[in-house]
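Undergrad: Just structure_13.tsv, nothing more (TSV, C-alpha atoms and all ligand atoms):
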chain	number	residue	atom	x	y	z
K	107	MET	CA	12.52	27.55	-6.31
K	108	ASN	CA	13.23	23.90	-5.75
K	109	THR	CA	14.41	22.19	-8.95
K	110	PHE	CA	13.83	18.49	-9.60
K	111	THR	CA	13.98	16.00	-12.43
K	112	TYR	CA	11.02	14.06	-13.78
K	113	THR	CA	11.19	10.55	-15.24
K	114	ARG	CA	8.36	8.28	-16.30
K	115	ALA	CA	9.03	4.65	-15.38
K	116	ASN	CA	7.86	2.01	-17.85
K	117	GLU	CA	8.65	-1.01	-15.68
K	118	ALA	CA	8.73	-1.68	-11.95
K	119	ALA	CA	12.45	-2.49	-12.09
K	120	ASP	CA	13.17	0.94	-13.63
K	121	ALA	CA	11.01	2.64	-11.04
K	122	ILE	CA	12.78	0.92	-8.16
K	123	ARG	CA	16.23	1.72	-9.57
K	124	LEU	CA	15.29	5.40	-9.95
K	125	GLY	CA	13.34	5.45	-6.70
K	126	ASN	CA	16.43	4.37	-4.76
K	127	LEU	CA	18.42	7.39	-5.90
K	128	ASN	CA	18.98	10.01	-3.23
K	129	GLY	CA	16.05	12.38	-2.82
K	130	ALA	CA	13.75	10.51	-5.21
K	131	LYS	CA	9.98	10.32	-4.71
K	132	TYR	CA	7.44	8.19	-6.51
K	133	LEU	CA	4.70	10.20	-8.24
K	134	GLY	CA	1.19	8.75	-8.52
K	135	GLY	CA	-1.72	11.09	-9.20
K	136	GLY	CA	0.14	13.86	-7.38
K	137	THR	CA	-3.00	14.99	-5.54
K	138	ASN	CA	-1.11	15.34	-2.26
K	139	LEU	CA	2.57	15.30	-3.22
K	140	VAL	CA	2.27	18.20	-5.67
K	141	ASP	CA	0.44	20.28	-3.04
K	142	LEU	CA	3.23	19.56	-0.58
K	143	MET	CA	5.85	20.51	-3.18
K	144	ARG	CA	4.08	23.80	-3.85
K	145	GLU	CA	4.21	24.52	-0.12
K	146	THR	CA	7.92	23.48	-0.15
K	147	ILE	CA	7.22	20.93	2.58
K	148	GLU	CA	8.30	18.18	0.18
K	149	ARG	CA	11.45	18.97	-1.81
K	150	PRO	CA	12.29	15.89	-3.88
K	151	ALA	CA	15.40	15.91	-6.05
K	152	SER	CA	13.62	13.72	-8.59
K	153	LEU	CA	10.13	12.46	-9.32
K	154	VAL	CA	9.61	8.97	-10.68
K	155	ASP	CA	6.22	8.80	-12.40
K	156	ILE	CA	4.73	5.37	-11.78
K	157	THR	CA	1.21	6.01	-13.02
K	158	GLY	CA	1.64	3.57	-15.91
K	159	LEU	CA	2.46	0.66	-13.61
K	160	SER	CA	0.23	-1.82	-11.76
K	161	THR	CA	-3.09	-0.65	-13.21
K	162	ALA	CA	-5.14	-3.86	-13.04
K	163	ILE	CA	-7.81	-5.19	-10.67
K	164	GLU	CA	-7.75	-9.00	-10.72
K	165	GLU	CA	-9.43	-11.81	-8.84
K	166	THR	CA	-7.04	-13.93	-6.83
K	167	ALA	CA	-7.02	-17.72	-6.86
K	168	GLN	CA	-8.36	-17.63	-3.27
K	169	GLY	CA	-11.40	-15.58	-4.30
K	170	GLY	CA	-10.14	-12.20	-3.18
K	171	LEU	CA	-9.11	-9.17	-5.22
K	172	ARG	CA	-5.69	-7.81	-6.09
K	173	ILE	CA	-5.82	-4.08	-6.82
K	174	GLY	CA	-2.78	-2.59	-8.53
K	175	ALA	CA	-1.21	0.40	-6.82
K	176	GLY	CA	-1.60	2.47	-9.99
K	177	VAL	CA	-5.37	1.99	-10.24
K	178	ARG	CA	-7.23	5.28	-9.87
K	179	ASN	CA	-9.46	5.64	-6.82
K	180	SER	CA	-12.55	6.13	-9.00
K	181	ALA	CA	-11.86	2.91	-10.88
K	182	VAL	CA	-11.71	0.97	-7.60
K	183	ALA	CA	-14.96	2.48	-6.34
K	184	GLU	CA	-16.72	1.75	-9.65
K	185	HIS	CA	-15.47	-1.82	-10.05
K	186	ARG	CA	-18.31	-4.33	-10.05
K	187	LEU	CA	-16.58	-6.84	-7.78
K	188	VAL	CA	-15.56	-4.15	-5.28
K	189	ARG	CA	-19.10	-2.82	-5.11
K	190	ASP	CA	-20.57	-6.30	-4.81
K	191	ARG	CA	-18.13	-7.98	-2.42
K	192	TYR	CA	-16.61	-5.07	-0.49
K	193	PRO	CA	-19.15	-2.20	-0.47
K	194	VAL	CA	-17.34	-0.69	2.52
K	195	LEU	CA	-14.36	0.01	0.27
K	196	ALA	CA	-16.40	1.59	-2.52
K	197	ARG	CA	-18.27	3.76	-0.02
K	198	ALA	CA	-15.11	4.84	1.77
K	199	ILE	CA	-13.51	5.95	-1.48
K	200	LEU	CA	-16.61	7.83	-2.58
K	201	ALA	CA	-16.67	9.63	0.79
K	202	GLY	CA	-13.23	11.10	0.11
K	203	ALA	CA	-12.12	14.23	-1.71
K	204	SER	CA	-13.95	15.19	-4.94
K	205	GLY	CA	-14.75	13.42	-8.19
K	206	GLN	CA	-11.86	15.13	-9.95
K	207	ILE	CA	-9.37	14.17	-7.27
K	208	ARG	CA	-10.61	10.58	-7.14
K	209	ASN	CA	-10.14	10.38	-10.92
K	210	MET	CA	-6.48	11.36	-10.51
K	211	ALA	CA	-5.50	9.76	-7.18
K	212	THR	CA	-4.01	6.27	-7.20
K	213	VAL	CA	-4.34	3.47	-4.67
K	214	GLY	CA	-0.63	3.63	-3.77
K	215	GLY	CA	-0.74	7.39	-3.40
K	216	ASN	CA	-3.83	7.23	-1.22
K	217	LEU	CA	-1.96	4.95	1.19
K	218	LEU	CA	0.95	7.39	1.41
K	219	GLN	CA	-0.89	10.70	1.66
K	220	ARG	CA	0.22	12.80	4.58
K	221	THR	CA	-1.68	14.35	7.46
K	222	ARG	CA	-3.77	17.47	6.96
K	223	CYS	CA	-2.68	18.93	10.33
K	224	THR	CA	-2.71	22.66	9.62
K	225	TYR	CA	0.47	23.24	11.64
K	226	PHE	CA	2.28	20.70	9.45
K	227	TYR	CA	1.43	22.83	6.40
K	228	ASP	CA	2.38	26.12	8.07
K	229	ASP	CA	6.06	26.04	7.21
K	230	ASP	CA	6.55	29.74	7.99
K	231	GLY	CA	5.14	30.11	11.48
K	232	SER	CA	4.51	26.79	13.25
K	233	ARG	CA	6.64	24.22	14.99
K	234	CYS	CA	6.11	20.66	13.78
K	235	ASN	CA	8.05	17.53	14.72
K	236	LYS	CA	6.83	15.73	11.62
K	237	ARG	CA	8.16	18.43	9.30
K	238	THR	CA	11.27	19.27	11.33
K	239	PRO	CA	12.13	16.51	13.85
K	240	GLY	CA	12.87	17.86	17.34
K	241	GLN	CA	11.28	21.24	16.68
K	242	GLY	CA	8.19	20.75	18.85
K	243	CYS	CA	4.46	20.43	18.11
K	244	ASP	CA	2.28	23.52	18.06
K	245	ALA	CA	-0.88	21.45	17.72
K	246	ILE	CA	-0.60	20.12	21.28
K	247	GLY	CA	-1.11	23.51	22.89
K	248	GLY	CA	-2.89	24.97	19.87
K	249	PHE	CA	-6.22	24.45	18.16
K	250	ASN	CA	-6.44	20.66	18.09
K	251	ARG	CA	-10.07	20.02	17.18
K	252	ILE	CA	-9.19	17.75	14.23
K	253	HIS	CA	-6.41	15.84	15.98
K	254	ALA	CA	-5.98	12.35	17.39
K	255	ILE	CA	-7.61	10.85	20.47
K	256	LEU	CA	-6.02	7.39	20.20
K	257	GLY	CA	-2.38	6.30	19.93
K	258	ALA	CA	-0.90	9.80	19.89
K	259	SER	CA	2.34	10.84	21.59
K	260	GLU	CA	3.85	13.96	23.09
K	261	ALA	CA	5.70	14.40	19.81
K	262	CYS	CA	2.68	14.37	17.48
K	263	ILE	CA	-1.12	14.20	17.66
K	264	ALA	CA	-1.84	14.23	13.93
K	265	THR	CA	-4.43	12.00	12.25
K	266	HIS	CA	-4.22	9.99	9.06
K	267	PRO	CA	-6.49	11.59	6.44
K	268	SER	CA	-7.48	8.65	4.22
K	269	ASP	CA	-10.97	7.16	4.02
K	270	MET	CA	-9.97	4.28	1.77
K	271	CYS	CA	-7.34	3.15	4.26
K	272	VAL	CA	-9.93	2.78	7.02
K	273	ALA	CA	-11.85	0.29	4.89
K	274	LEU	CA	-8.64	-1.57	3.97
K	275	ALA	CA	-7.76	-1.86	7.67
K	276	ALA	CA	-11.19	-3.33	8.43
K	277	LEU	CA	-10.93	-5.80	5.53
K	278	ASP	CA	-7.57	-7.28	6.62
K	279	ALA	CA	-5.94	-6.26	3.35
K	280	THR	CA	-2.34	-7.09	2.51
K	281	VAL	CA	0.12	-4.67	0.92
K	282	HIS	CA	2.49	-5.95	-1.79
K	283	LEU	CA	5.88	-4.24	-1.88
K	284	SER	CA	8.84	-4.38	-4.22
K	285	GLY	CA	12.30	-3.01	-3.54
K	286	SER	CA	16.00	-3.42	-4.24
K	287	LYS	CA	16.03	-6.47	-1.91
K	288	GLY	CA	13.09	-8.17	-3.61
K	289	GLU	CA	9.38	-8.49	-2.95
K	290	ARG	CA	7.51	-8.83	0.31
K	291	THR	CA	4.03	-8.42	1.77
K	292	LEU	CA	2.83	-6.62	4.85
K	293	PRO	CA	-0.51	-6.78	6.64
K	294	PHE	CA	-2.21	-3.48	5.86
K	295	THR	CA	-2.66	-2.71	9.56
K	296	GLU	CA	1.14	-2.82	9.94
K	297	LEU	CA	1.93	-0.44	7.07
K	298	HIS	CA	1.31	2.82	8.96
K	299	ARG	CA	3.02	3.69	12.24
K	300	LEU	CA	1.92	5.46	15.39
K	301	PRO	CA	3.94	8.63	15.96
K	302	GLY	CA	5.96	7.73	19.06
K	303	ASP	CA	9.18	9.78	19.13
K	304	THR	CA	9.57	9.70	15.36
K	305	PRO	CA	6.41	11.11	13.75
K	306	GLN	CA	8.39	11.91	10.60
K	307	ILE	CA	8.57	8.14	9.91
K	308	GLU	CA	5.01	7.36	8.89
K	309	THR	CA	5.17	3.86	7.39
K	310	GLU	CA	7.19	0.64	7.53
K	311	LEU	CA	8.37	1.11	3.94
K	312	GLN	CA	12.10	0.83	3.39
K	313	PRO	CA	13.80	3.64	1.42
K	314	GLY	CA	13.00	3.26	-2.27
K	315	GLU	CA	10.44	0.50	-1.68
K	316	LEU	CA	7.48	0.59	-4.06
K	317	ILE	CA	3.88	-0.34	-3.25
K	318	THR	CA	2.75	-2.54	-6.14
K	319	ALA	CA	-0.69	-3.73	-5.03
K	320	VAL	CA	-3.23	-4.12	-2.27
K	321	GLU	CA	-4.84	-7.52	-1.88
K	322	LEU	CA	-8.24	-8.09	-0.32
K	323	PRO	CA	-8.83	-11.56	1.14
K	324	PRO	CA	-12.12	-13.33	0.49
K	325	LEU	CA	-14.53	-12.28	3.24
K	326	ALA	CA	-18.06	-13.42	2.49
K	327	PHE	CA	-19.74	-11.28	5.12
K	328	ALA	CA	-18.08	-8.14	3.75
K	329	LYS	CA	-21.06	-8.07	1.38
K	330	ARG	CA	-22.79	-6.62	4.42
K	331	SER	CA	-20.42	-3.78	5.14
K	332	THR	CA	-20.52	-0.03	5.10
K	333	TYR	CA	-18.62	3.18	5.77
K	334	ARG	CA	-19.91	6.24	7.58
K	335	LYS	CA	-17.99	9.51	7.70
K	336	VAL	CA	-18.82	12.38	10.04
K	337	ARG	CA	-17.37	15.71	8.94
K	338	ASP	CA	-17.96	19.43	9.11
K	339	ARG	CA	-19.63	19.69	5.70
K	340	ALA	CA	-21.30	17.26	3.36
K	341	SER	CA	-18.44	16.87	0.89
K	342	TYR	CA	-14.80	17.65	0.34
K	343	ALA	CA	-13.88	17.55	4.02
K	344	PHE	CA	-11.74	15.18	6.06
K	345	ALA	CA	-13.29	12.94	8.68
K	346	LEU	CA	-13.76	14.07	12.24
K	347	VAL	CA	-14.64	10.46	12.87
K	348	SER	CA	-15.32	7.67	10.41
K	349	VAL	CA	-16.28	4.03	10.83
K	350	ALA	CA	-15.75	1.09	8.47
K	351	ALA	CA	-17.66	-2.00	9.53
K	352	ALA	CA	-18.75	-5.45	8.38
K	353	LEU	CA	-21.07	-7.63	10.42
K	354	GLU	CA	-21.94	-11.33	10.35
K	355	LEU	CA	-24.87	-12.54	12.41
K	356	ASP	CA	-25.94	-16.02	13.47
K	357	GLY	CA	-29.60	-15.38	14.18
K	358	THR	CA	-29.42	-12.42	16.55
K	359	THR	CA	-25.89	-13.15	17.74
K	360	VAL	CA	-22.74	-11.52	16.43
K	361	LYS	CA	-20.77	-14.29	14.75
K	362	ASP	CA	-18.03	-12.06	13.37
K	363	VAL	CA	-17.34	-8.38	12.91
K	364	ARG	CA	-14.75	-6.06	11.36
K	365	LEU	CA	-14.41	-2.52	12.64
K	366	ALA	CA	-11.95	0.29	11.92
K	367	LEU	CA	-11.97	4.01	12.69
K	368	GLY	CA	-10.70	7.03	10.79
K	369	GLY	CA	-10.03	10.58	11.94
K	370	VAL	CA	-8.97	9.49	15.42
K	371	ALA	CA	-5.32	8.37	15.16
K	372	HIS	CA	-2.03	8.68	13.28
K	373	LYS	CA	-3.00	5.53	11.37
K	374	PRO	CA	-6.25	3.86	10.36
K	375	TRP	CA	-7.39	2.45	13.70
K	376	ARG	CA	-8.46	-1.18	13.71
K	377	ALA	CA	-10.87	-1.51	16.63
K	378	ARG	CA	-9.92	-5.00	17.79
K	379	THR	CA	-11.00	-4.42	21.40
K	380	ALA	CA	-14.54	-3.67	20.23
K	381	GLU	CA	-14.50	-6.62	17.83
K	382	ASP	CA	-13.42	-9.01	20.61
K	383	ALA	CA	-16.10	-7.60	22.90
K	384	LEU	CA	-18.81	-8.27	20.31
K	385	ARG	CA	-18.16	-11.80	19.04
K	386	GLY	CA	-20.72	-14.16	20.56
K	387	LYS	CA	-22.82	-11.33	22.00
K	388	ALA	CA	-26.39	-10.41	21.12
K	389	ALA	CA	-26.57	-7.83	18.35
K	390	THR	CA	-28.17	-5.12	20.47
K	391	ALA	CA	-27.62	-1.38	20.67
K	392	GLU	CA	-26.50	-1.83	24.29
K	393	ASN	CA	-23.79	-4.32	23.32
K	394	PHE	CA	-22.67	-2.20	20.36
K	395	ARG	CA	-22.40	0.82	22.65
K	396	ALA	CA	-20.50	-1.18	25.31
K	397	ALA	CA	-18.04	-2.44	22.68
K	398	ALA	CA	-17.49	1.09	21.40
K	399	GLU	CA	-16.88	2.31	24.95
K	400	ALA	CA	-14.36	-0.48	25.51
K	401	GLU	CA	-12.48	0.60	22.38
K	402	LEU	CA	-12.57	4.27	23.32
K	403	ALA	CA	-11.55	3.68	26.95
K	404	ALA	CA	-7.96	4.39	25.95
K	405	ALA	CA	-8.82	7.72	24.33
K	406	GLN	CA	-6.78	10.72	25.41
K	407	PRO	CA	-8.55	13.77	24.04
K	408	ARG	CA	-6.95	17.21	23.90
K	409	GLU	CA	-8.44	20.59	24.72
K	410	HIS	CA	-10.63	20.94	21.63
K	411	ASN	CA	-11.37	17.39	20.49
K	412	ALA	CA	-13.03	15.65	23.47
K	413	PHE	CA	-16.23	15.59	21.41
K	414	LYS	CA	-14.62	12.94	19.20
K	415	VAL	CA	-14.90	10.31	21.95
K	416	GLU	CA	-18.68	10.52	22.14
K	417	LEU	CA	-18.92	11.02	18.37
K	418	ALA	CA	-16.95	7.83	17.78
K	419	ASN	CA	-19.06	5.94	20.31
K	420	ARG	CA	-22.27	7.04	18.66
K	421	THR	CA	-21.06	6.45	15.12
K	422	ILE	CA	-19.83	2.92	15.87
K	423	THR	CA	-23.14	2.10	17.58
K	424	ALA	CA	-25.23	3.56	14.76
K	425	VAL	CA	-23.30	1.81	12.00
K	426	LEU	CA	-23.50	-1.59	13.70
K	427	GLN	CA	-27.22	-1.10	14.34
K	428	GLN	CA	-27.71	-0.28	10.67
K	429	LEU	CA	-25.87	-3.44	9.58
K	430	ALA	CA	-27.78	-5.55	12.09
K	431	GLN	CA	-31.12	-4.21	10.86
K	432	GLU	CA	-30.14	-4.89	7.25
K	433	ALA	CA	-29.34	-8.47	8.21
K	434	ALA	CA	-32.66	-9.05	10.01
B	501	LIG	FE1	3.34	18.42	13.34
B	501	LIG	FE2	2.13	16.25	14.28
B	501	LIG	FE3	2.26	18.40	15.77
B	501	LIG	FE4	0.73	18.44	13.58
B	501	LIG	S1	0.42	17.19	15.36
B	501	LIG	S2	2.13	20.05	14.29
B	501	LIG	S3	1.91	17.09	12.22
B	501	LIG	S4	4.00	17.20	15.07
Show me this structure written as structure tokens.

TA:
Amino acid sequence: MNTFTYTRANEAADAIRLGNLNGAKYLGGGTNLVDLMRETIERPASLVDITGLSTAIEETAQGGLRIGAGVRNSAVAEHRLVRDRYPVLARAILAGASGQIRNMATVGGNLLQRTRCTYFYDDDGSRCNKRTPGQGCDAIGGFNRIHAILGASEACIATHPSDMCVALAALDATVHLSGSKGERTLPFTELHRLPGDTPQIETELQPGELITAVELPPLAFAKRSTYRKVRDRASYAFALVSVAAALELDGTTVKDVRLALGGVAHKPWRARTAEDALRGKAATAENFRAAAEAELAAAQPREHNAFKVELANRTITAVLQQLAQEAA
């Protein structure tokens, strides 16, 4: 048995002081961390419960939204301004997990959930560089149907499991952080890392640093945005491929677009190559398909997941066609 202490933090300063102690972990809804503790993959010396902190959703002076890290996923998805201004975010959250889990899970915890690579969870029989650096990766020569096709390395081919994070990447969100050296912000797309040689380091957070909020910038055309998730069953399954998209048209021409992919990489994958290929082009299925192919040109599928390349191409094309038709 792994023993640990539990403390509930009443203020951010307390949380950060406790979170900087050796072996400490912040506890949000616990919907992933507690599972990992049961499997003895996570063995914190102490848990700092931060569920009472940062629980507000507020409009910013610029017309965006600031969502506290302690807000429950369900509360974000149900919020009137989220549903009205950023439907892609509400839909992404509702595509994830189950109602019960969304009621427990927090925004900060969602950002920091860990991969669902089955070899990562198999502490008894599988080699995993993320769990034990330098050990090797049994997914590379194993059954890798759910693994990454973009941005992977020879050390790790895991994918990031979050749906919400794919929408946040598309929306150019900003992450607010607080730590022993003060406060700072980070573009959301820079929070998560690609695996490289150090897949055990998953984010740019400093030790003991606390996520306090996620801020969405004003983005008028995000009113026309959506999220589509392709998975093995209709609910309670992680994405094989998912697409978060927002589209702005000028007549029949793409004026602006936001596009991000889930289920394909170690981090939510902002599809900037496809976006650049689309701006100024006619909003046609051919151009959507060509942009998707440009984005996926760098894909490096493994033995069992080559289908994800075509699946991603088709899903991007279908989602952009849907948004274009809604705009017509
Ligand atoms: Fe571990 Fe990554 Fe390999 Fe999965 S893909 S076994 S998480 S190193």

Undergrad: Give me, please, the distance in Å between CA of Arg385 (chain K) and CA of Gly357 (chain K), quoted to one decimal.

TA: 12.9 Å

Undergrad: Residues contacting ligand LIG 501 (chain B) - anything with an atom at most 12 Å away, using all atoms listed in the file - can you give me those as a short mmCIF file (atom, residue, chain, number, x, y, z; two decimals) with C-alpha atoms, keeping the file's coordinate frame?

TA:
data_model
loop_
_atom_site.label_atom_id
_atom_site.label_comp_id
_atom_site.auth_asym_id
_atom_site.auth_seq_id
_atom_site.Cartn_x
_atom_site.Cartn_y
_atom_site.Cartn_z
CA ILE K 147 7.22 20.93 2.58
CA ARG K 220 0.22 12.80 4.58
CA THR K 221 -1.68 14.35 7.46
CA ARG K 222 -3.77 17.47 6.96
CA CYS K 223 -2.68 18.93 10.33
CA THR K 224 -2.71 22.66 9.62
CA TYR K 225 0.47 23.24 11.64
CA PHE K 226 2.28 20.70 9.45
CA TYR K 227 1.43 22.83 6.40
CA ASP K 228 2.38 26.12 8.07
CA ASP K 229 6.06 26.04 7.21
CA GLY K 231 5.14 30.11 11.48
CA SER K 232 4.51 26.79 13.25
CA ARG K 233 6.64 24.22 14.99
CA CYS K 234 6.11 20.66 13.78
CA ASN K 235 8.05 17.53 14.72
CA LYS K 236 6.83 15.73 11.62
CA ARG K 237 8.16 18.43 9.30
CA THR K 238 11.27 19.27 11.33
CA PRO K 239 12.13 16.51 13.85
CA GLY K 240 12.87 17.86 17.34
CA GLN K 241 11.28 21.24 16.68
CA GLY K 242 8.19 20.75 18.85
CA CYS K 243 4.46 20.43 18.11
CA ASP K 244 2.28 23.52 18.06
CA ALA K 245 -0.88 21.45 17.72
CA ILE K 246 -0.60 20.12 21.28
CA GLY K 247 -1.11 23.51 22.89
CA GLY K 248 -2.89 24.97 19.87
CA PHE K 249 -6.22 24.45 18.16
CA ASN K 250 -6.44 20.66 18.09
CA ARG K 251 -10.07 20.02 17.18
CA ILE K 252 -9.19 17.75 14.23
CA HIS K 253 -6.41 15.84 15.98
CA ALA K 254 -5.98 12.35 17.39
CA ILE K 255 -7.61 10.85 20.47
CA ALA K 258 -0.90 9.80 19.89
CA SER K 259 2.34 10.84 21.59
CA GLU K 260 3.85 13.96 23.09
CA ALA K 261 5.70 14.40 19.81
CA CYS K 262 2.68 14.37 17.48
CA ILE K 263 -1.12 14.20 17.66
CA ALA K 264 -1.84 14.23 13.93
CA THR K 265 -4.43 12.00 12.25
CA HIS K 266 -4.22 9.99 9.06
CA PRO K 267 -6.49 11.59 6.44
CA LEU K 300 1.92 5.46 15.39
CA PRO K 301 3.94 8.63 15.96
CA GLY K 302 5.96 7.73 19.06
CA ASP K 303 9.18 9.78 19.13
CA THR K 304 9.57 9.70 15.36
CA PRO K 305 6.41 11.11 13.75
CA GLN K 306 8.39 11.91 10.60
CA ILE K 307 8.57 8.14 9.91
CA GLU K 308 5.01 7.36 8.89
CA ALA K 371 -5.32 8.37 15.16
CA HIS K 372 -2.03 8.68 13.28
CA ARG K 408 -6.95 17.21 23.90
#

Undergrad: Choose the residue, out of K:Leu322, K:Met210, K:Met107, K:Val194, that has the smallest atom-to-atom separation from Gln168 (chain K); count only C-alpha atoms.

TA: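 Between K:Leu322, K:Met210, K:Met107, K:Val194, the residue approaching Gln168 (chain K) most closely is K:Leu322.
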
Undergrad: So, with all atoms listed in the file as the atoms that count, which of K:Glu432, K:Asp230, K:Glu321, K:Glu145 lies closest to Thr291 (chain K)?

TA: K:Glu321

Undergrad: Which neighbours of Ala201 (chain K) fall inside 8 Å, counting all atoms listed in the file, when residues of the same chain fewer than 3 positions from it are skipped, and could you give them as a list in words?

TA: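 The contact residues come out as Arg197, Ala198, Asp269, Lys335 and Ser341 of chain K.
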
Undergrad: Suppose you want the space between CA of Lys287 (chain K) and CA of Ala167 (chain K); what is it in Å?

TA: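 So the two atoms, CA of Lys287 (chain K) and CA of Ala167 (chain K), lie 26.1 Å apart.
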
Undergrad: If you count only C-alpha atoms, which residues fall within 6 Å of Ala380 (chain K), apart from same-chain ones fewer than 2 positions away, as a list in words?

TA: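 In the requested form, the answer reads Ala377, Arg378, Asp382, Ala383, Ala397, Ala398 and Glu401 of chain K.
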
Undergrad: Using all atoms listed in the file, pick whichever of K:His410, K:Lys131, K:Arg299, K:Arg172 has the shortest atom-to-atom distance to Thr280 (chain K).

TA: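 Closest residue, counting all atoms listed in the file: K:Arg172.
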
Undergrad: Restricting the calculation to only C-alpha atoms, which member of K:Ala151, K:Pro407, K:Val347, K:Pro323 is positioned closest to Thr166 (chain K)?

TA: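 Selected residue with least distance to Thr166 (chain K): K:Pro323.
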
Undergrad: Please determine the residues with any atom at most 8 Å from (-17.6, -4.5, 6.3) (coordinates as given in the file, with all atoms listed in the file counting) and report them as number ranges by chain.

TA: K: 192-194, 273, 276-277, 327-333, 350-353, 363-365
